[in-house]
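Report on the structure given below.
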Amino acid sequence: MRYVIIGAGVAGFAAVESIRSVDKTGEIIMVSDDPHGFYSRPGLAYYLTGEIDDKALYSRTKDDYKELNFSFLKERITRIVPEQHKLEIEGKPAIVYDKLLIAVGARAIPLNVPGAKLEGVFKLDHLTDANNILKWAKRGRTAVVVGGGITALELTEALLAHGMNVHYLLRGDRYWSSVLDKRESLVVEGHLQEEGVTLHHHSDLAEIVGKSGRVAGIRTADGHTIKCDMVAYAVGIVPRLDLVQGIGLNVERGILADEHLQTNDPDIFAAGDVAQVYDPLTGHSVLDSLWNPAREQGHVAGLNMAGRKSTYLKSAPFNVTRLAGLTTTIIGAVGRGRDEDVVGIARGDSETWRELPEAIVAQSGLDVNHIRLLIGDKHLIGAVLMGDQKLSFPLQKMIANSADISPIRDSLMQPDAPIADLIADFWMGWRKNIAV
Amino acid sequence: MSFLNIFKSDSTRRTVLSEGHVVPEPSRCVQCGICSYNCPIGIDVRAYVWRNEAVKHSECLTCGECVARCPRGVLRFAQTDLFERRDS
């Protein structure tokens with residue numbers, strides 16, 4: 001049996017582990033055009049700020065790889081031929097597979113303005129991008145950041161850490177309006193300003209102005225100009241679908257996979273950012289760009305590839321991140337609509353966060369210690385925590401397990417309710433119901 | 001009961017030193033490696049988190065460096081079974 005995995009992200013790696021846990025002898029080949037293999041892509045944010053070095057991004061040692069007994073090929077697959085179970089590589093013999101996992105991830109949507117190809121314009125997809133940013137930031141002075149979501153702030157923090165003056169352009173009137181509420185956006189923006197970032201609201205990038213092929217400044221749609229030597233952008237990501245066009249796989253925004261991560265071809269599976277996965281609980285197929293769903297999907301895909309039937313049950317999407325130095329946890333459905341700064345989905349984002357059913361909002365806390373709850377008829381639907389994270393674990397469990405909060409629902413909805421106390425009290429009694 | 005009482009079951013550093021460990025919440029972890037990078041003993045904390053295991057390393061000082069540095073709140077101190085055999 002030969003298993004081939006295209007992609008070296010966490011979904012692919014989790015699949016190698018789970019295949020090997022079932023099939024001790026089958027051949028496993030991982031193929032990727034990322035020369036760096038498996039490393040922590042979310043960790044790039046901390047590599048960029050200088051909190052870790054590049055070696056720390058690699059979580060696995062050579063011994064680990066030896067134990068898993070798989071081979072890594074640094075190659076770019078040019079075509080998948082499902083009828084022949086074959087993967088073509090330019091200038092090399094094709095690879096034949098029995099079971100295939102496509103876990104190639106997503107890529108940054110390019111900027112669509114004049115000057116976007118100038119030297120000094122950067123995205124953040126992988127380690128090579130991060131190294132290019134660091135090299136350029138060393139000699140740069142002023143940077144303009146464009147876009148939204150978590151990645152735009154990671155870029156901002158990175159450039160600040162390297163002593164650059166940072167201008168952040170926002171199309172609308174506030175940051176990440178599709179997921180955060182107004183107050184949360186303002187808290188983040190306040191922190192950014194304290195750190196020295198110059199915010200420009202209602203600013204649509206119209207052109208990057210170059211000099212001798214390099215970035216020299218930008219111009220906004222309303223004619224405003226900023227001199228800069230660098231532009232970093234994060235305007236959203238899109239699943240990498242080039243390989244699956246016209247080969248008979250069902251594709252919408254991502255590769256459609258069922259709850260076993262299987263595509264409409266029984267020998268081809270898809271997992272991670274490239275997959276649009278069916279959720280039996282809601283009946284929807286959604287995109288996530290989160291580390292843990294990718295790991296779980298890869299794990300389940302691997303088990304199924306090796307013949308052990310296994311089902312992926314999407315849990316309430318959940319992410320912890322630092323927004324302008326402020327630890328923030330986002331759980332379940334919390335936002336609404338689309339974000340002007342992001343096209344489609346952003347990295348570290350989940351579509352579920354925006355699928356908000358009818359819910360009532362309760363919030364408490366001042367400035368940096370903030371809790372916002374989205375309350376349904378009987379259950380909590382979502383939560384945002386900023387600053388103090390003590391309640392993040394209880395809320396994550398209560399939302400994931402649909403805890404019946406009827407006993408405290410009315411109290412939670414009172415104006416100025418002591419939400420933290422109410423949740424803490426409830427949790428103490430309720431947690432006996434689940435294994436934690 | 002107040003907000004603070006919720007964590008009464010969580011241990012103080014002193015009790016952890018004698019009978020507890022650093023334990024992970026793996027769903028928060030993205031394997032960035034800040035914990036392992038900052039461990040003064042060089043324990044690969046992140047590998048424990050990946051396997052969802054308490055950091056039962058015989059040389060762990062429970063100094064809390066990894067707990068404090070983790071940007072995602074993955075790690076905390078907790079009492080674990082005193083009589084459980086420790087591996088290294």
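Letters A, B, ... mark the chains of the structure tokens in the order given; residue numbers begin at 1 per chain; ligand numbers begin at 1, in order shown.
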
Q. Which residues come within 7 Å of Asn319 in chain A, counting only C-alpha atoms, excluding same-chain residues fewer than 3 positions away, as a ChimeraX atom specification?
A. /A:329-331

Can those selected residues be exported to a file as a CSV table (one decimal), in the first residue's frame so that it contains N, CA and C atoms?
chain,number,residue,atom,x,y,z
A,329,THR,N,-9.5,35.2,23.0
A,329,THR,CA,-10.0,33.9,22.6
A,329,THR,C,-11.3,34.2,21.9
A,330,ILE,N,-11.5,33.5,20.8
A,330,ILE,CA,-12.8,33.7,20.1
A,330,ILE,C,-13.4,32.3,19.9
A,331,ILE,N,-14.6,32.1,20.4
A,331,ILE,CA,-15.2,30.7,20.4
A,331,ILE,C,-16.6,30.8,19.8

(Q) If the cut-off is 7 Å, can you tell me the residues of chain A near chain B, counting only C-alpha atoms? I'd like them as a VMD selection string. (A) chain A and resid 40 42 to 43 52 56 to 57 59 291 to 292 320 to 321 420 to 421 424 to 425 428

Just C-alpha atoms for this one: save the residues we selected as a CSV table (one decimal), in the first residue's frame.
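Output file part-v4.csv is given in full below:
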chain,number,residue,atom,x,y,z
A,40,SER,CA,4.7,25.7,12.9
A,42,PRO,CA,1.3,30.0,13.3
A,43,GLY,CA,4.7,30.2,15.0
A,52,ILE,CA,11.9,32.5,18.9
A,56,ALA,CA,12.3,26.6,17.2
A,57,LEU,CA,9.6,26.4,14.5
A,59,SER,CA,8.6,20.6,16.3
A,291,TRP,CA,-4.5,24.8,13.2
A,292,ASN,CA,-6.5,22.4,15.4
A,320,VAL,CA,-6.5,32.1,20.8
A,321,THR,CA,-4.5,34.9,19.5
A,420,ALA,CA,-17.7,36.3,35.1
A,421,ASP,CA,-19.1,35.3,38.5
A,424,ALA,CA,-17.7,30.7,37.1
A,425,ASP,CA,-20.4,29.6,39.6
A,428,MET,CA,-18.3,24.7,39.1

**Q.** Nearby residues (only C-alpha atoms) at most 7 Å from range 62-67 of chain B, same-chain spacing under 3 positions excluded, as a list in words
**A.** Leu17, His21, Val22, Cys35, Asn38, Cys39, Cys70, Leu75 and Arg76 of chain B

Q) Counting only C-alpha atoms, which of A:Asp64, A:Ile95, A:Tyr175, A:Asp410 gets nearest to Val187 in chain A? A)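 Under the stated criterion, the closest residue is A:Tyr175.
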
Q.
Quick check, in Å to one decimal: how far apart do CA of Ile77 in chain A and CA of Gly105 in chain A lie?
A.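 That distance, rounded to one decimal, is 14.2 Å.
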
Q) With only C-alpha atoms as the atoms that count, which of A:Asp204, A:Glu296, A:Glu17, A:Glu252 lies nearest to Arg60 in chain A? A)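 Looking only at the distances to Arg60 in chain A, the closest residue turns out to be A:Glu17.
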
Q.
So that I can check the surroundings of Asp129 in chain A, please list as a list in words every protein, DNA and RNA residue that reaches within 12 Å of it, counting only C-alpha atoms and ignoring chain neighbours fewer than 3 positions away.
A.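 Counting only the stated atoms, we get Asp34, His36, Arg41, Leu44, Ala45, Tyr47, Leu48, Arg107, Ala108, Gly120, Val121, Phe122, Lys123, Leu124, Asp125, His126, Asn132, Ile133, Leu134, Lys135, Trp136, Leu155, Ala232 and Tyr233 of chain A.
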
Q: Give the answer as one residue: which of A:Gly302, A:Pro35, A:Gly163, A:Gly307 has the shortest atom-to-atom distance to Phe13 in chain A, using only C-alpha atoms?
A: A:Gly302

Q. Between CA of His200 in chain A and CA of Val166 in chain A, what is the distance, to one decimal in Å?
A.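 One can read the CA of His200 in chain A to CA of Val166 in chain A distance as 10.7 Å.
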
Q. At what distance in Å, to one decimal, does CA of Gly196 in chain A lie from CA of Ile218 in chain A?
A.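 It comes out at 19.5 Å.
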